[in-house]
Amino acid sequence: MKEIELDLRSEFNERYNLVTRKMVRLLSENSRASISEISKAVSMSRKTVVDRIRKMEEEFRISYTVEFNESALGLVSPHLICVKFDSKPDYAKVTKLLGQSYIPQFAVATKGQYDLIIYAVGTFGREYARWDKNMQILIGELGGEWRSSEVVHRQLGFLPLRNELLDRVEMPQKYRDMLKILNSNSRTSFQEMSKTLGMHFNTVAYNFNKLLKTNYLKRFTITMDKPKDVTLMTFFSKYRPTENYEKDSAKSRRALQGDDENSLISRFLMTAPLIGTYDFFTMGAYDNPEAAYKHDVLFHKQVMEEEHPRIIYATIDSVIFGRLPIRSVDTKKEYNLMKWDVDLEK
(Lines give C-alpha, C1' and ligand atoms only; values in the text may rest on other atoms or scores of the structure.)
Protein backbone atom coordinates (compact mmCIF):
# COMPACT_ATOMS: atom_id res chain seq x y z
CA MET A 1 0.00 0.00 0.00
CA LYS A 2 1.39 3.41 -0.97
CA GLU A 3 2.37 5.43 2.08
CA ILE A 4 -0.02 8.27 2.85
CA GLU A 5 1.43 11.63 3.85
CA LEU A 6 -0.76 13.47 6.32
CA ASP A 7 -1.91 16.92 5.22
CA LEU A 8 -2.41 18.90 8.42
CA ARG A 9 -3.48 22.09 6.68
CA SER A 10 -7.22 22.69 6.88
CA GLU A 11 -9.20 25.22 4.89
CA PHE A 12 -11.84 25.70 7.57
CA ASN A 13 -9.13 26.78 10.03
CA GLU A 14 -7.63 29.21 7.53
CA ARG A 15 -11.00 30.88 6.91
CA TYR A 16 -10.75 32.49 10.35
CA ASN A 17 -8.18 35.06 11.36
CA LEU A 18 -5.39 34.28 13.80
CA VAL A 19 -6.87 36.32 16.66
CA THR A 20 -10.15 34.39 16.53
CA ARG A 21 -8.30 31.09 16.52
CA LYS A 22 -6.09 32.14 19.43
CA MET A 23 -9.10 33.22 21.46
CA VAL A 24 -10.87 29.91 20.83
CA ARG A 25 -7.71 28.08 21.94
CA LEU A 26 -7.45 30.21 25.10
CA LEU A 27 -11.08 29.57 26.04
CA SER A 28 -10.73 25.87 25.23
CA GLU A 29 -7.76 25.60 27.56
CA ASN A 30 -9.31 27.75 30.29
CA SER A 31 -12.82 29.08 29.80
CA ARG A 32 -12.56 31.09 33.03
CA ALA A 33 -9.66 33.13 31.69
CA SER A 34 -10.28 36.77 32.52
CA ILE A 35 -10.86 39.44 29.88
CA SER A 36 -7.57 41.01 30.98
CA GLU A 37 -5.68 37.73 30.41
CA ILE A 38 -7.21 37.27 26.97
CA SER A 39 -6.61 40.92 26.10
CA LYS A 40 -2.93 40.59 26.97
CA ALA A 41 -2.56 37.32 25.02
CA VAL A 42 -3.98 38.74 21.78
CA SER A 43 -2.68 42.33 22.24
CA MET A 44 -6.10 43.96 22.02
CA SER A 45 -8.14 46.26 24.22
CA ARG A 46 -10.58 44.81 26.75
CA LYS A 47 -13.53 46.28 24.85
CA THR A 48 -12.41 44.74 21.57
CA VAL A 49 -11.97 41.37 23.28
CA VAL A 50 -15.44 41.54 24.83
CA ASP A 51 -16.97 42.39 21.45
CA ARG A 52 -15.09 39.59 19.71
CA ILE A 53 -16.11 37.02 22.32
CA ARG A 54 -19.76 37.98 21.91
CA LYS A 55 -19.49 37.56 18.14
CA MET A 56 -17.73 34.21 18.58
CA GLU A 57 -20.41 33.03 21.00
CA GLU A 58 -23.07 33.79 18.40
CA GLU A 59 -21.21 32.42 15.37
CA PHE A 60 -19.92 29.20 16.94
CA ARG A 61 -22.67 28.83 19.57
CA ILE A 62 -20.05 28.45 22.29
CA SER A 63 -21.05 26.77 25.53
CA TYR A 64 -18.81 27.17 28.57
CA THR A 65 -18.45 23.93 30.47
CA VAL A 66 -16.18 21.64 32.48
CA GLU A 67 -13.96 18.72 31.55
CA PHE A 68 -14.37 16.28 34.44
CA ASN A 69 -12.02 13.70 35.89
CA GLU A 70 -14.43 10.77 35.68
CA SER A 71 -12.23 8.49 37.82
CA ALA A 72 -12.14 11.04 40.65
CA LEU A 73 -15.94 11.30 40.45
CA GLY A 74 -16.15 7.54 40.93
CA LEU A 75 -17.86 6.94 37.60
CA VAL A 76 -17.85 3.43 36.16
CA SER A 77 -18.47 1.56 32.93
CA PRO A 78 -17.77 4.29 30.36
CA HIS A 79 -18.93 2.86 27.03
CA LEU A 80 -19.10 3.93 23.41
CA ILE A 81 -21.97 2.28 21.56
CA CYS A 82 -22.62 2.28 17.83
CA VAL A 83 -26.00 1.24 16.46
CA LYS A 84 -26.91 0.13 12.96
CA PHE A 85 -30.63 0.27 12.07
CA ASP A 86 -32.43 -1.77 9.41
CA SER A 87 -33.86 1.50 8.06
CA LYS A 88 -33.66 5.17 9.03
CA PRO A 89 -34.93 5.37 12.63
CA ASP A 90 -37.24 7.88 14.26
CA TYR A 91 -34.54 9.81 16.13
CA ALA A 92 -37.20 11.56 18.22
CA LYS A 93 -38.07 8.15 19.71
CA VAL A 94 -34.39 7.38 20.28
CA THR A 95 -33.89 10.72 22.03
CA LYS A 96 -36.90 10.05 24.24
CA LEU A 97 -35.49 6.65 25.22
CA LEU A 98 -32.11 8.17 26.08
CA GLY A 99 -33.71 10.89 28.18
CA GLN A 100 -35.29 8.34 30.53
CA SER A 101 -31.96 7.65 32.27
CA TYR A 102 -29.04 9.62 33.70
CA ILE A 103 -26.57 7.15 32.10
CA PRO A 104 -26.39 8.30 28.44
CA GLN A 105 -24.40 11.54 28.16
CA PHE A 106 -24.13 12.14 24.44
CA ALA A 107 -25.57 10.80 21.18
CA VAL A 108 -25.16 11.71 17.52
CA ALA A 109 -26.91 10.59 14.36
CA THR A 110 -24.39 9.47 11.74
CA LYS A 111 -24.22 8.64 8.03
CA GLY A 112 -22.19 5.63 6.94
CA GLN A 113 -21.72 2.12 8.25
CA TYR A 114 -23.68 2.86 11.44
CA ASP A 115 -26.47 5.29 12.27
CA LEU A 116 -25.96 6.26 15.90
CA ILE A 117 -23.16 6.75 18.46
CA ILE A 118 -23.91 6.90 22.18
CA TYR A 119 -21.55 7.69 25.05
CA ALA A 120 -22.78 6.27 28.35
CA VAL A 121 -21.35 6.17 31.87
CA GLY A 122 -22.81 5.23 35.25
CA THR A 123 -22.14 5.33 38.97
CA PHE A 124 -22.79 1.63 39.67
CA GLY A 125 -21.82 -1.28 37.44
CA ARG A 126 -25.01 -3.25 38.02
CA GLU A 127 -27.18 -0.25 37.28
CA TYR A 128 -25.27 0.36 34.07
CA ALA A 129 -25.64 -3.30 33.07
CA ARG A 130 -29.43 -3.14 33.58
CA TRP A 131 -29.65 0.01 31.48
CA ASP A 132 -27.51 -1.58 28.74
CA LYS A 133 -29.69 -4.70 28.53
CA ASN A 134 -32.89 -2.68 28.56
CA MET A 135 -31.64 -0.36 25.82
CA GLN A 136 -30.61 -3.32 23.66
CA ILE A 137 -34.22 -4.53 23.84
CA LEU A 138 -35.75 -1.12 23.13
CA ILE A 139 -33.33 -0.26 20.32
CA GLY A 140 -33.87 -3.76 18.92
CA GLU A 141 -37.59 -3.08 18.74
CA LEU A 142 -36.73 -0.10 16.51
CA GLY A 143 -34.68 -2.35 14.24
CA GLY A 144 -31.27 -1.46 15.67
CA GLU A 145 -28.20 -3.65 16.28
CA TRP A 146 -26.40 -2.60 19.50
CA ARG A 147 -22.57 -2.84 19.47
CA SER A 148 -20.97 -1.80 22.76
CA SER A 149 -17.32 -1.26 23.74
CA GLU A 150 -15.85 -0.12 27.06
CA VAL A 151 -13.60 2.95 27.00
CA VAL A 152 -10.21 2.07 28.49
CA HIS A 153 -9.21 5.73 28.71
CA ARG A 154 -9.26 8.80 26.49
CA GLN A 155 -5.93 9.53 24.85
CA LEU A 156 -7.34 12.77 23.47
CA GLY A 157 -10.49 14.75 24.05
CA PHE A 158 -13.51 14.53 26.28
CA LEU A 159 -17.28 14.19 26.16
CA PRO A 160 -19.40 16.59 28.25
CA LEU A 161 -21.32 15.10 31.17
CA ARG A 162 -24.93 15.90 32.09
CA ASN A 163 -25.94 17.46 35.40
CA GLU A 164 -28.32 14.52 35.89
CA LEU A 165 -25.25 12.31 36.27
CA LEU A 166 -23.64 14.68 38.78
CA ASP A 167 -26.74 14.32 40.96
CA ARG A 168 -25.85 10.62 41.38
CA VAL A 169 -22.21 11.16 42.35
CA GLU A 170 -21.26 10.92 46.02
CA MET A 171 -19.71 14.23 47.07
CA PRO A 172 -20.45 17.10 49.46
CA GLN A 173 -23.60 18.95 48.37
CA LYS A 174 -21.77 22.29 48.27
CA TYR A 175 -19.40 20.92 45.60
CA ARG A 176 -22.18 19.23 43.61
CA ASP A 177 -24.22 22.45 43.45
CA MET A 178 -21.19 24.43 42.33
CA LEU A 179 -20.12 21.86 39.74
CA LYS A 180 -23.59 21.81 38.19
CA ILE A 181 -23.50 25.60 37.82
CA LEU A 182 -20.02 25.48 36.28
CA ASN A 183 -20.98 22.59 34.00
CA SER A 184 -23.81 24.71 32.62
CA ASN A 185 -21.66 27.86 32.38
CA SER A 186 -18.06 27.68 33.53
CA ARG A 187 -17.65 31.47 33.26
CA THR A 188 -20.23 32.04 35.98
CA SER A 189 -18.85 34.66 38.38
CA PHE A 190 -18.62 34.27 42.15
CA GLN A 191 -21.25 36.98 42.47
CA GLU A 192 -23.67 35.05 40.24
CA MET A 193 -22.95 31.79 42.10
CA SER A 194 -23.48 33.57 45.41
CA LYS A 195 -26.94 34.68 44.29
CA THR A 196 -27.90 31.27 42.86
CA LEU A 197 -26.64 29.26 45.82
CA GLY A 198 -27.80 31.70 48.49
CA MET A 199 -24.25 31.85 49.91
CA HIS A 200 -22.08 34.71 51.00
CA PHE A 201 -19.58 35.81 48.34
CA ASN A 202 -16.60 34.89 50.54
CA THR A 203 -18.04 31.44 51.21
CA VAL A 204 -18.43 30.83 47.48
CA ALA A 205 -14.83 31.90 46.84
CA TYR A 206 -13.59 29.66 49.66
CA ASN A 207 -15.56 26.62 48.44
CA PHE A 208 -14.45 27.23 44.86
CA ASN A 209 -10.77 27.17 45.86
CA LYS A 210 -11.37 23.99 47.87
CA LEU A 211 -13.15 22.47 44.88
CA LEU A 212 -10.10 23.03 42.68
CA LYS A 213 -8.11 20.80 45.04
CA THR A 214 -10.55 17.87 44.91
CA ASN A 215 -9.36 16.57 41.51
CA TYR A 216 -12.98 16.37 40.31
CA LEU A 217 -12.24 18.45 37.23
CA LYS A 218 -9.45 18.63 34.70
CA ARG A 219 -10.15 22.05 33.26
CA PHE A 220 -12.72 24.69 32.46
CA THR A 221 -13.35 24.49 28.73
CA ILE A 222 -15.84 25.08 25.92
CA THR A 223 -17.90 23.22 23.37
CA MET A 224 -18.95 24.62 20.00
CA ASP A 225 -21.42 23.81 17.26
CA LYS A 226 -19.93 22.38 14.09
CA PRO A 227 -18.94 25.20 11.70
CA LYS A 228 -20.20 25.04 8.13
CA ASP A 229 -18.35 22.87 5.63
CA VAL A 230 -16.62 20.74 8.28
CA THR A 231 -16.76 16.96 8.16
CA LEU A 232 -16.67 15.14 11.49
CA MET A 233 -15.46 11.60 10.81
CA THR A 234 -15.73 8.77 13.34
CA PHE A 235 -14.49 5.20 13.16
CA PHE A 236 -14.41 2.03 15.25
CA SER A 237 -11.64 -0.49 14.63
CA LYS A 238 -11.00 -4.13 15.58
CA TYR A 239 -7.49 -5.66 15.46
CA ARG A 240 -5.70 -8.98 15.52
CA PRO A 241 -2.59 -7.85 17.45
CA THR A 242 0.84 -9.03 16.29
CA GLU A 243 4.23 -8.72 17.97
CA ASN A 244 4.61 -5.31 16.26
CA TYR A 245 1.36 -3.99 17.70
CA GLU A 246 2.99 -1.57 20.15
CA LYS A 247 5.30 -0.13 17.49
CA ASP A 248 2.42 0.35 15.07
CA SER A 249 0.28 1.89 17.80
CA ALA A 250 3.08 4.33 18.62
CA LYS A 251 3.24 5.44 14.98
CA SER A 252 -0.50 6.01 15.03
CA ARG A 253 -0.33 7.98 18.27
CA ARG A 254 2.40 10.24 16.88
CA ALA A 255 0.20 11.02 13.88
CA LEU A 256 -2.73 11.84 16.15
CA GLN A 257 -0.63 14.50 17.87
CA GLY A 258 -0.15 16.47 14.65
CA ASP A 259 -2.36 19.51 14.17
CA ASP A 260 -2.61 22.94 12.61
CA GLU A 261 -0.87 25.58 14.68
CA ASN A 262 -3.50 27.75 16.39
CA SER A 263 -6.30 25.64 14.95
CA LEU A 264 -9.91 26.73 15.29
CA ILE A 265 -10.85 23.08 15.87
CA SER A 266 -8.50 20.31 16.94
CA ARG A 267 -7.99 17.79 14.15
CA PHE A 268 -8.85 14.98 16.57
CA LEU A 269 -11.63 15.71 19.02
CA MET A 270 -11.37 12.31 20.66
CA THR A 271 -9.31 9.14 20.45
CA ALA A 272 -9.78 6.20 22.79
CA PRO A 273 -8.66 2.56 23.11
CA LEU A 274 -11.63 0.26 23.71
CA ILE A 275 -12.39 -3.23 25.02
CA GLY A 276 -15.28 -5.26 23.69
CA THR A 277 -16.81 -5.21 20.23
CA TYR A 278 -14.10 -2.80 19.00
CA ASP A 279 -10.54 -1.89 20.04
CA PHE A 280 -10.22 1.77 19.04
CA PHE A 281 -12.32 4.87 18.34
CA THR A 282 -11.61 8.27 16.81
CA MET A 283 -13.58 11.43 16.12
CA GLY A 284 -11.84 13.89 13.82
CA ALA A 285 -12.55 17.17 11.99
CA TYR A 286 -11.74 17.56 8.29
CA ASP A 287 -12.49 19.80 5.30
CA ASN A 288 -14.56 17.19 3.47
CA PRO A 289 -15.48 13.47 3.51
CA GLU A 290 -12.70 12.57 1.04
CA ALA A 291 -9.99 14.16 3.22
CA ALA A 292 -11.53 12.57 6.32
CA TYR A 293 -11.44 9.10 4.81
CA LYS A 294 -7.90 9.45 3.45
CA HIS A 295 -6.24 11.05 6.48
CA ASP A 296 -8.14 9.18 9.18
CA VAL A 297 -9.61 5.84 8.11
CA LEU A 298 -7.22 4.95 5.27
CA PHE A 299 -4.15 6.24 7.12
CA HIS A 300 -5.06 4.15 10.18
CA LYS A 301 -5.55 1.07 8.00
CA GLN A 302 -2.09 1.62 6.55
CA VAL A 303 -0.31 2.14 9.88
CA MET A 304 -2.01 -0.85 11.51
CA GLU A 305 -1.82 -3.02 8.38
CA GLU A 306 -0.06 -5.94 10.12
CA GLU A 307 -2.89 -6.10 12.68
CA HIS A 308 -5.49 -6.56 9.90
CA PRO A 309 -7.80 -3.80 11.18
CA ARG A 310 -11.50 -4.15 10.50
CA ILE A 311 -12.81 -0.57 10.44
CA ILE A 312 -16.34 0.74 10.25
CA TYR A 313 -16.79 4.49 9.81
CA ALA A 314 -19.42 7.21 9.53
CA THR A 315 -19.68 10.99 9.52
CA ILE A 316 -21.63 12.88 12.17
CA ASP A 317 -24.88 14.25 10.81
CA SER A 318 -26.46 15.86 13.89
CA VAL A 319 -26.47 15.87 17.68
CA ILE A 320 -29.60 14.29 19.11
CA PHE A 321 -28.56 14.25 22.77
CA GLY A 322 -25.96 16.24 24.72
CA ARG A 323 -23.21 18.42 23.22
CA LEU A 324 -20.49 17.91 20.64
CA PRO A 325 -16.99 18.19 22.18
CA ILE A 326 -15.71 20.65 19.56
CA ARG A 327 -12.87 22.84 20.80
CA SER A 328 -9.19 23.63 20.18
CA VAL A 329 -6.40 22.29 22.38
CA ASP A 330 -2.69 21.56 22.06
CA THR A 331 -2.79 17.85 21.23
CA LYS A 332 0.89 17.35 22.03
CA LYS A 333 0.25 18.58 25.56
CA GLU A 334 -2.73 16.25 25.82
CA TYR A 335 -0.53 13.22 25.29
CA ASN A 336 1.79 12.05 28.04
CA LEU A 337 4.75 11.43 25.74
CA MET A 338 6.90 9.91 28.47
CA LYS A 339 4.21 7.31 29.07
CA TRP A 340 3.17 6.57 25.51
CA ASP A 341 6.17 6.97 23.25
CA VAL A 342 8.28 3.93 22.35
CA ASP A 343 11.59 3.51 20.53
CA LEU A 344 10.57 2.92 16.93
CA GLU A 345 14.14 1.98 15.94
CA LYS A 346 14.12 -1.26 17.93
# chains A, B, ... in the order shown; residues from 1 in each chain; ligands from 1
>>> residues_around(residues="A:Ile53", least_positions_apart="4", cutoff="10 Å", atoms="only C-alpha atoms", output="ChimeraX atom specification")
/A:20,23-24,27,35,47-49,57-59,62
>>> residues_around(residues="stretch 160-167 of chain A", least_positions_apart="6", cutoff="8 Å", atoms="only C-alpha atoms", output="list in words")
Thr65, Val66, Glu67, Phe68, Tyr102, Ile103, Gln105, Phe106, Gly122, Arg176, Lys180, Asn183, Gly322, Arg323, Leu324 and Pro325 of chain A
>>> write_last_selection(atoms="N, CA and C atoms", output="tab-separated table (two decimals), in the first residue's frame")
chain	number	residue	atom	x	y	z
A	65	THR	N	-18.16	25.12	29.69
A	65	THR	CA	-18.45	23.93	30.47
A	65	THR	C	-17.20	23.44	31.20
A	66	VAL	N	-17.26	22.21	31.68
A	66	VAL	CA	-16.18	21.64	32.48
A	66	VAL	C	-15.76	20.30	31.89
A	67	GLU	N	-14.47	20.05	31.85
A	67	GLU	CA	-13.96	18.72	31.55
A	67	GLU	C	-13.70	18.02	32.87
A	68	PHE	N	-14.45	16.96	33.16
A	68	PHE	CA	-14.37	16.28	34.44
A	68	PHE	C	-13.34	15.17	34.45
A	102	TYR	N	-30.16	8.70	33.50
A	102	TYR	CA	-29.04	9.62	33.70
A	102	TYR	C	-27.78	9.08	33.04
A	103	ILE	N	-27.79	7.82	32.57
A	103	ILE	CA	-26.57	7.15	32.10
A	103	ILE	C	-26.08	7.64	30.75
A	105	GLN	N	-24.87	10.16	28.05
A	105	GLN	CA	-24.40	11.54	28.16
A	105	GLN	C	-24.42	12.28	26.82
A	106	PHE	N	-24.37	11.52	25.75
A	106	PHE	CA	-24.13	12.14	24.44
A	106	PHE	C	-24.57	11.16	23.36
A	122	GLY	N	-21.96	5.33	34.06
A	122	GLY	CA	-22.81	5.23	35.25
A	122	GLY	C	-22.05	5.42	36.54
A	176	ARG	N	-21.28	19.66	44.68
A	176	ARG	CA	-22.18	19.23	43.61
A	176	ARG	C	-22.92	20.44	43.04
A	180	LYS	N	-22.46	21.76	39.14
A	180	LYS	CA	-23.59	21.81	38.19
A	180	LYS	C	-23.72	23.20	37.57
A	183	ASN	N	-20.78	23.45	35.15
A	183	ASN	CA	-20.98	22.59	34.00
A	183	ASN	C	-21.92	23.24	32.99
A	322	GLY	N	-27.21	15.73	24.17
A	322	GLY	CA	-25.96	16.24	24.72
A	322	GLY	C	-25.30	17.28	23.83
A	323	ARG	N	-23.96	17.38	23.93
A	323	ARG	CA	-23.21	18.42	23.22
A	323	ARG	C	-22.00	17.83	22.53
A	324	LEU	N	-21.70	18.33	21.34
A	324	LEU	CA	-20.49	17.91	20.64
A	324	LEU	C	-19.26	18.49	21.36
A	325	PRO	N	-18.20	17.71	21.47
A	325	PRO	CA	-16.99	18.19	22.18
A	325	PRO	C	-16.04	18.94	21.25
>>> closest_residue(among="A:Tyr286, A:Leu98, A:Val204, A:Met304", to="A:Ser252", atoms="only C-alpha atoms")
A:Met304
>>> closest_residue(among="A:Val50, A:Met233, A:Leu211, A:Ile81", to="A:Pro172", atoms="only C-alpha atoms")
A:Leu211
>>> residues_around(residues="A:Ile316", least_positions_apart="5", cutoff="7 Å", atoms="only C-alpha atoms", output="PyMOL selection string")
chain A and resi 108-111+232-233
>>> write_last_selection(atoms="N, CA and C atoms", output="mmCIF file, in the first residue's frame")
data_model
loop_
_atom_site.group_PDB
_atom_site.id
_atom_site.type_symbol
_atom_site.label_atom_id
_atom_site.label_comp_id
_atom_site.auth_asym_id
_atom_site.auth_seq_id
_atom_site.Cartn_x
_atom_site.Cartn_y
_atom_site.Cartn_z
ATOM 1 N N VAL A 108 -25.122 11.043 18.818
ATOM 2 C CA VAL A 108 -25.164 11.714 17.521
ATOM 3 C C VAL A 108 -25.715 10.770 16.464
ATOM 4 N N ALA A 109 -26.480 11.335 15.537
ATOM 5 C CA ALA A 109 -26.912 10.594 14.356
ATOM 6 C C ALA A 109 -25.776 10.653 13.340
ATOM 7 N N THR A 110 -25.510 9.537 12.670
ATOM 8 C CA THR A 110 -24.393 9.470 11.742
ATOM 9 C C THR A 110 -24.838 8.938 10.381
ATOM 10 N N LYS A 111 -23.986 9.159 9.375
ATOM 11 C CA LYS A 111 -24.223 8.641 8.034
ATOM 12 C C LYS A 111 -23.025 7.784 7.639
ATOM 13 N N LEU A 232 -17.089 15.827 10.270
ATOM 14 C CA LEU A 232 -16.668 15.139 11.490
ATOM 15 C C LEU A 232 -16.727 13.636 11.225
ATOM 16 N N MET A 233 -15.555 13.021 11.115
ATOM 17 C CA MET A 233 -15.456 11.595 10.811
ATOM 18 C C MET A 233 -15.248 10.802 12.102
#
>>> closest_residue(among="A:Ile320, A:Ala291, A:Ile265, A:Val83", to="A:Gly157", atoms="only C-alpha atoms")
A:Ile265
